[in-house]
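Presented below is the structure to which this report refers.
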Amino acid sequence: MNQTPTANQPHIAIFGNRNAGKSTLLNALLGQDFALVSPVKGTTTDPVQKTMELIPFGPVVLIDTAGLDDEGELGELRVERSLKVLQKADLAIYVSDINAMDEASFEAAKANFIKTNTPYLRVINKVDCVSPERLKEIQGDAVYVSSLKGAGIPELREQLIKILQDSAQDPAVVGDLLPYNSTVVLVVPIDSEAPKGRLILPQVQVIRDCLDHGLQCHVVRDTELESALQQLPKVDLVITDSQAFKQVSAMVPSTIKLTSFSILFARLKGDLNELIRGASRLSGLQEGAKILMMESCSHNHSHEDIGRIKIPNLLMKRLGKTFNFDYKMGQDFPENLEEYDLVIHCGSCMLNKKTMDSRIQQCRAKEIPITNYGIVIAYLNGIMERATEILV
């Protein structure tokens, strides 16, 4: 893996009315004809995203959206889908056509940017269509460009970089928890869910984070863990796949800190304390409670699937009750959260922090508890306090 994961890249979303030149602007920033462009209103119907290198800042994800003034039944659905992009956007660009300035539309979009705590930048497009005198008359707090001619695009890139640098965060996964030269053991079970010939993303990111922070990192299977603990002179932390939590906890002496990849990502991507509080609500679930199992990525399922098989079975076995489970995956987080008694989310390694924060906030607003795969497994196995001790 030689590229920064998309989930770790800032997401820049482009909004505006139809035919404001959003797709043309995307192409101008990319320096290539990626998005479909035409004079027909509503050419872009669904969000389209593309990764680019914003030099010297680094990789970012650009997202083109449908026009916010789209009309009709389908148009309303497109607008709704466009606004959902704000749940993961780290920065919003609002594009206005200099020949069709619609302040009401901009103010409505601005209200949504503020509501979702999304920094924004206004871009006035098509400046090649007005005289220099007219341009001077209307210039204000915005970046003026011609996406078609390329005028103002370098200045826009500079503004984007400045905003991203001012708000840039590069949090550690594990490197801020231990002093330099500490020893970390990663427990990576190999089962039917493990991808053949490679590690999964959280494991790769933890290994890289250990290297970045000068931590000694040893990777073993659960079957070799006891041997590794005996051979290593000192171990400061063991990080395990959540599925092996119970077995690993029994092997690791109480003098050694223990947590899981999923719990580390709960801290990295969201509000760990909120997710721990969500797990504390498990014991109060009533017979027949409805639980949403939320996965951030799409994949095929097997008899060892953690979200669809292992956690539901463990929950019902430990609590002695039958629950109704609803399974969702991908980018769409349900609007009808009030129908659920609890949300159990995956480790969110494929989501950026803005998306996970947004989902937690939506649950909080509707007073629906939310927790995380790894936290639930630790709770049900009676090792929650131990698994989170190093993090809280």
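Please note that chains go A, B, ... in the order of the structure tokens, that every chain numbers its residues from 1, and that ligands are numbered from 1 in the order shown.
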Open item on the list: What parts of region 188-390 of chain A does DSSP call alpha helix (DSSP H)? I'd like the answer as a ChimeraX atom specification.
Closed with: /A:201-212,225-231,245-251,261-269,272-279,311-319,353-365,373-380,384-388
I'd like the contact shell of Asp326 (chain A) - 10 Å cut-off, only C-alpha atoms, skipping same-chain residues fewer than 3 positions apart - returned as a PDB file with C-alpha atoms, in the first residue's frame.
```pdb
ATOM      1  CA  LYS A 290     -34.091  -3.238  17.211  1.00  0.00           C
ATOM      2  CA  ILE A 291     -30.359  -2.836  16.620  1.00  0.00           C
ATOM      3  CA  LEU A 292     -28.699  -1.239  13.591  1.00  0.00           C
ATOM      4  CA  MET A 293     -25.432  -2.911  12.543  1.00  0.00           C
ATOM      5  CA  MET A 294     -23.612  -0.284  10.459  1.00  0.00           C
ATOM      6  CA  ARG A 308     -23.650 -10.022  10.733  1.00  0.00           C
ATOM      7  CA  PHE A 323     -33.017  -8.932  19.211  1.00  0.00           C
ATOM      8  CA  TYR A 340     -33.625   1.816  16.559  1.00  0.00           C
ATOM      9  CA  VAL A 343     -26.514   1.569  16.721  1.00  0.00           C
TER      10      VAL A 343
END
```
Could the residues of region 105-158 of chain A that have an atom at most 10 Å from region 74-98 of chain A be listed as JSON lines, each with its closest atom pair and the distance in Å to one decimal, counting only C-alpha atoms and ordered by chain and ascending residue number?
```
{"residue": "A:Ser105", "atom": "CA", "partner": "A:Ser96", "partner_atom": "CA", "distance": 9.4}
{"residue": "A:Phe106", "atom": "CA", "partner": "A:Tyr94", "partner_atom": "CA", "distance": 7.4}
{"residue": "A:Ala109", "atom": "CA", "partner": "A:Tyr94", "partner_atom": "CA", "distance": 7.9}
{"residue": "A:Lys110", "atom": "CA", "partner": "A:Tyr94", "partner_atom": "CA", "distance": 8.5}
{"residue": "A:Asn112", "atom": "CA", "partner": "A:Leu83", "partner_atom": "CA", "distance": 8.0}
{"residue": "A:Phe113", "atom": "CA", "partner": "A:Leu86", "partner_atom": "CA", "distance": 7.4}
{"residue": "A:Lys115", "atom": "CA", "partner": "A:Leu86", "partner_atom": "CA", "distance": 9.7}
{"residue": "A:Thr116", "atom": "CA", "partner": "A:Leu86", "partner_atom": "CA", "distance": 6.8}
{"residue": "A:Asn117", "atom": "CA", "partner": "A:Asp90", "partner_atom": "CA", "distance": 8.8}
{"residue": "A:Thr118", "atom": "CA", "partner": "A:Leu91", "partner_atom": "CA", "distance": 5.8}
{"residue": "A:Pro119", "atom": "CA", "partner": "A:Leu91", "partner_atom": "CA", "distance": 5.1}
{"residue": "A:Tyr120", "atom": "CA", "partner": "A:Ala92", "partner_atom": "CA", "distance": 4.5}
{"residue": "A:Leu121", "atom": "CA", "partner": "A:Ile93", "partner_atom": "CA", "distance": 4.9}
{"residue": "A:Arg122", "atom": "CA", "partner": "A:Tyr94", "partner_atom": "CA", "distance": 4.8}
{"residue": "A:Val123", "atom": "CA", "partner": "A:Val95", "partner_atom": "CA", "distance": 4.8}
{"residue": "A:Ile124", "atom": "CA", "partner": "A:Ser96", "partner_atom": "CA", "distance": 4.9}
{"residue": "A:Asn125", "atom": "CA", "partner": "A:Asp97", "partner_atom": "CA", "distance": 5.1}
{"residue": "A:Lys126", "atom": "CA", "partner": "A:Ile98", "partner_atom": "CA", "distance": 6.0}
{"residue": "A:Val127", "atom": "CA", "partner": "A:Ile98", "partner_atom": "CA", "distance": 6.5}
{"residue": "A:Asp128", "atom": "CA", "partner": "A:Ile98", "partner_atom": "CA", "distance": 9.4}
{"residue": "A:Cys129", "atom": "CA", "partner": "A:Ile98", "partner_atom": "CA", "distance": 8.1}
{"residue": "A:Val130", "atom": "CA", "partner": "A:Ile98", "partner_atom": "CA", "distance": 8.0}
{"residue": "A:Leu135", "atom": "CA", "partner": "A:Ile98", "partner_atom": "CA", "distance": 9.0}
{"residue": "A:Ile138", "atom": "CA", "partner": "A:Ile98", "partner_atom": "CA", "distance": 9.1}
{"residue": "A:Ala142", "atom": "CA", "partner": "A:Tyr94", "partner_atom": "CA", "distance": 9.7}
{"residue": "A:Val143", "atom": "CA", "partner": "A:Val95", "partner_atom": "CA", "distance": 9.6}
{"residue": "A:Tyr144", "atom": "CA", "partner": "A:Ile98", "partner_atom": "CA", "distance": 8.9}
{"residue": "A:Val145", "atom": "CA", "partner": "A:Ile98", "partner_atom": "CA", "distance": 9.6}
{"residue": "A:Ser146", "atom": "CA", "partner": "A:Ile98", "partner_atom": "CA", "distance": 9.9}
```
TODO: One decimal, Å: what's the distance from CA of Leu264 (chain A) over to CA of Asn352 (chain A), could you say?
DONE: 14.3 Å
Open item on the list: Applying 9 Å and only C-alpha atoms, which residues near Val219 (chain A) remain after dropping the ones on its own chain fewer than 6 positions away? List them as a PyMOL selection string.
Closed with: chain A and resi 184-188+207
Export N, CA and C atoms of the chosen residues as a PDB file, in the first residue's frame?
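To be explicit, this is the file written out as out.pdb:
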```
ATOM      1  N   VAL A 184       5.346  -2.793  20.987  1.00  0.00           N
ATOM      2  CA  VAL A 184       3.934  -3.076  20.717  1.00  0.00           C
ATOM      3  C   VAL A 184       3.827  -4.410  19.987  1.00  0.00           C
ATOM      4  N   VAL A 185       2.903  -5.246  20.424  1.00  0.00           N
ATOM      5  CA  VAL A 185       2.643  -6.520  19.737  1.00  0.00           C
ATOM      6  C   VAL A 185       1.252  -6.446  19.113  1.00  0.00           C
ATOM      7  N   LEU A 186       1.182  -6.685  17.807  1.00  0.00           N
ATOM      8  CA  LEU A 186      -0.088  -6.704  17.094  1.00  0.00           C
ATOM      9  C   LEU A 186      -0.514  -8.153  16.876  1.00  0.00           C
ATOM     10  N   VAL A 187      -1.743  -8.464  17.290  1.00  0.00           N
ATOM     11  CA  VAL A 187      -2.259  -9.823  17.135  1.00  0.00           C
ATOM     12  C   VAL A 187      -3.214  -9.836  15.944  1.00  0.00           C
ATOM     13  N   VAL A 188      -2.837 -10.591  14.912  1.00  0.00           N
ATOM     14  CA  VAL A 188      -3.597 -10.610  13.660  1.00  0.00           C
ATOM     15  C   VAL A 188      -4.026 -12.046  13.361  1.00  0.00           C
ATOM     16  N   ILE A 207       0.649  -0.262  11.941  1.00  0.00           N
ATOM     17  CA  ILE A 207       2.072  -0.555  11.721  1.00  0.00           C
ATOM     18  C   ILE A 207       2.808   0.706  11.288  1.00  0.00           C
TER      19      ILE A 207
END
```
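The nearest approach to Ile306 (chain A) among the residues A:Gly374, A:Leu351, A:Asp341, A:Thr255, with only C-alpha atoms taken into account, belongs to A:Gly374.
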Task: Members of region 191-373 of chain A assigned strand (DSSP E) by DSSP, as a PyMOL selection string - done: chain A and resi 216-220+237-240+257-260+290-295+324-329+342-345+370-372
Written selection (N, CA, C and O atoms) as a short mmCIF file (atom, residue, chain, number, x, y, z; two decimals), in the first residue's frame:
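Now in out_18.cif:
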```cif
data_model
loop_
_atom_site.label_atom_id
_atom_site.label_comp_id
_atom_site.auth_asym_id
_atom_site.auth_seq_id
_atom_site.Cartn_x
_atom_site.Cartn_y
_atom_site.Cartn_z
N GLN A 216 8.65 -0.02 18.56
CA GLN A 216 9.00 -1.35 18.05
C GLN A 216 7.71 -2.15 17.88
O GLN A 216 6.94 -2.30 18.81
N CYS A 217 7.51 -2.65 16.68
CA CYS A 217 6.24 -3.29 16.34
C CYS A 217 6.48 -4.75 15.95
O CYS A 217 7.26 -5.04 15.04
N HIS A 218 5.80 -5.66 16.63
CA HIS A 218 5.90 -7.09 16.33
C HIS A 218 4.51 -7.61 15.95
O HIS A 218 3.54 -7.39 16.69
N VAL A 219 4.41 -8.28 14.83
CA VAL A 219 3.14 -8.78 14.33
C VAL A 219 3.11 -10.30 14.44
O VAL A 219 4.00 -10.98 13.90
N VAL A 220 2.10 -10.84 15.13
CA VAL A 220 1.99 -12.28 15.31
C VAL A 220 0.54 -12.71 15.13
O VAL A 220 -0.38 -11.89 15.24
N LEU A 237 2.38 -2.78 25.12
CA LEU A 237 1.00 -2.77 24.67
C LEU A 237 0.75 -3.92 23.69
O LEU A 237 1.58 -4.16 22.81
N VAL A 238 -0.39 -4.58 23.85
CA VAL A 238 -0.83 -5.58 22.88
C VAL A 238 -2.10 -5.05 22.23
O VAL A 238 -3.04 -4.61 22.91
N ILE A 239 -2.12 -5.06 20.90
CA ILE A 239 -3.28 -4.62 20.13
C ILE A 239 -3.80 -5.83 19.36
O ILE A 239 -3.06 -6.43 18.58
N THR A 240 -5.04 -6.18 19.56
CA THR A 240 -5.58 -7.38 18.93
C THR A 240 -6.75 -7.08 18.02
O THR A 240 -7.44 -6.06 18.17
N LYS A 257 -0.63 -3.54 28.98
CA LYS A 257 -1.82 -2.88 28.48
C LYS A 257 -2.36 -3.63 27.26
O LYS A 257 -1.60 -4.21 26.47
N LEU A 258 -3.69 -3.60 27.10
CA LEU A 258 -4.34 -4.33 26.01
C LEU A 258 -5.45 -3.48 25.42
O LEU A 258 -6.23 -2.86 26.14
N THR A 259 -5.55 -3.46 24.09
CA THR A 259 -6.68 -2.84 23.41
C THR A 259 -6.86 -3.52 22.05
O THR A 259 -6.22 -4.53 21.77
N SER A 260 -7.74 -2.96 21.21
CA SER A 260 -7.98 -3.56 19.90
C SER A 260 -7.86 -2.52 18.80
O SER A 260 -7.92 -1.31 19.06
N LYS A 290 -34.56 -3.34 18.59
CA LYS A 290 -34.09 -3.24 17.21
C LYS A 290 -32.71 -2.59 17.20
O LYS A 290 -32.53 -1.47 17.70
N ILE A 291 -31.75 -3.28 16.61
CA ILE A 291 -30.36 -2.84 16.62
C ILE A 291 -29.87 -2.65 15.18
O ILE A 291 -30.03 -3.55 14.34
N LEU A 292 -29.28 -1.50 14.91
CA LEU A 292 -28.70 -1.24 13.59
C LEU A 292 -27.23 -1.63 13.60
O LEU A 292 -26.45 -1.11 14.40
N MET A 293 -26.84 -2.54 12.73
CA MET A 293 -25.43 -2.91 12.54
C MET A 293 -24.94 -2.14 11.32
O MET A 293 -25.39 -2.38 10.20
N MET A 294 -24.03 -1.20 11.52
CA MET A 294 -23.61 -0.28 10.46
C MET A 294 -22.18 -0.55 10.04
O MET A 294 -21.26 -0.45 10.85
N GLU A 295 -22.00 -0.91 8.77
CA GLU A 295 -20.67 -1.15 8.21
C GLU A 295 -20.34 -0.04 7.22
O GLU A 295 -21.20 0.39 6.45
N ASN A 324 -33.78 -7.87 17.19
CA ASN A 324 -33.98 -7.73 15.75
C ASN A 324 -32.85 -6.87 15.20
O ASN A 324 -32.64 -5.74 15.65
N PHE A 325 -32.13 -7.40 14.22
CA PHE A 325 -30.97 -6.71 13.67
C PHE A 325 -31.28 -6.22 12.26
O PHE A 325 -31.86 -6.93 11.44
N ASP A 326 -30.86 -4.99 12.00
CA ASP A 326 -30.99 -4.39 10.68
C ASP A 326 -29.57 -4.08 10.21
O ASP A 326 -28.79 -3.47 10.95
N TYR A 327 -29.22 -4.48 8.99
CA TYR A 327 -27.85 -4.34 8.49
C TYR A 327 -27.78 -3.30 7.38
O TYR A 327 -28.51 -3.38 6.40
N LYS A 328 -26.91 -2.33 7.55
CA LYS A 328 -26.68 -1.30 6.54
C LYS A 328 -25.18 -1.21 6.28
O LYS A 328 -24.36 -1.47 7.15
N MET A 329 -24.85 -0.79 5.05
CA MET A 329 -23.43 -0.63 4.74
C MET A 329 -23.24 0.52 3.76
O MET A 329 -24.19 0.98 3.11
N LEU A 342 -30.48 0.95 19.42
CA LEU A 342 -29.03 1.02 19.53
C LEU A 342 -28.41 0.94 18.14
O LEU A 342 -28.93 0.24 17.27
N VAL A 343 -27.31 1.67 17.95
CA VAL A 343 -26.51 1.57 16.72
C VAL A 343 -25.15 1.00 17.09
O VAL A 343 -24.48 1.51 17.99
N ILE A 344 -24.75 -0.07 16.41
CA ILE A 344 -23.41 -0.63 16.60
C ILE A 344 -22.66 -0.43 15.28
O ILE A 344 -23.02 -1.00 14.26
N HIS A 345 -21.63 0.39 15.33
CA HIS A 345 -20.90 0.78 14.11
C HIS A 345 -19.59 0.00 14.01
O HIS A 345 -19.00 -0.40 15.01
N ILE A 370 -25.03 4.95 20.48
CA ILE A 370 -24.21 4.40 19.42
C ILE A 370 -22.90 3.89 20.01
O ILE A 370 -22.34 4.51 20.93
N THR A 371 -22.45 2.76 19.55
CA THR A 371 -21.19 2.20 20.01
C THR A 371 -20.46 1.56 18.84
O THR A 371 -20.81 1.80 17.68
N ASN A 372 -19.46 0.76 19.13
CA ASN A 372 -18.51 0.30 18.12
C ASN A 372 -18.26 -1.20 18.29
O ASN A 372 -18.35 -1.73 19.40
#
```
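Pairwise distance (CA of Asn99 (chain A), CA of Thr24 (chain A)) equals 15.9 Å.
One finds CA of Ala279 (chain A) at 22.8 Å from CA of Asp332 (chain A).
In terms of minimum interatomic distance to Asn336 (chain A), A:Cys363 ranks closest within A:Cys363, A:Thr322, A:Val252, A:Lys246, counting only C-alpha atoms.
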Open item on the list: I want to know what sits within 7 Å of region 61-63 of chain A, based on only C-alpha atoms, with residues of the same chain fewer than 5 positions away left out; could you give that as a PyMOL selection string?
Closed with: chain A and resi 9-14+47-52
Task: Closest of A:Pro253, A:Gly382, A:Gly270, A:Pro369 to Lys234 (chain A) - atom-to-atom distances counting only C-alpha atoms - done: A:Pro253
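For the choices A:Asn381, A:Ser348, A:Thr65, A:Gln362, the atom-to-atom distance to Glu335 (chain A) is smallest for A:Gln362 when using only C-alpha atoms.
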- [ ] Using only C-alpha atoms, find the one residue out of A:Ile256, A:Asn8, A:Gly288, A:Tyr379 that sits nearest to Gly58 (chain A).
- [x] A:Asn8
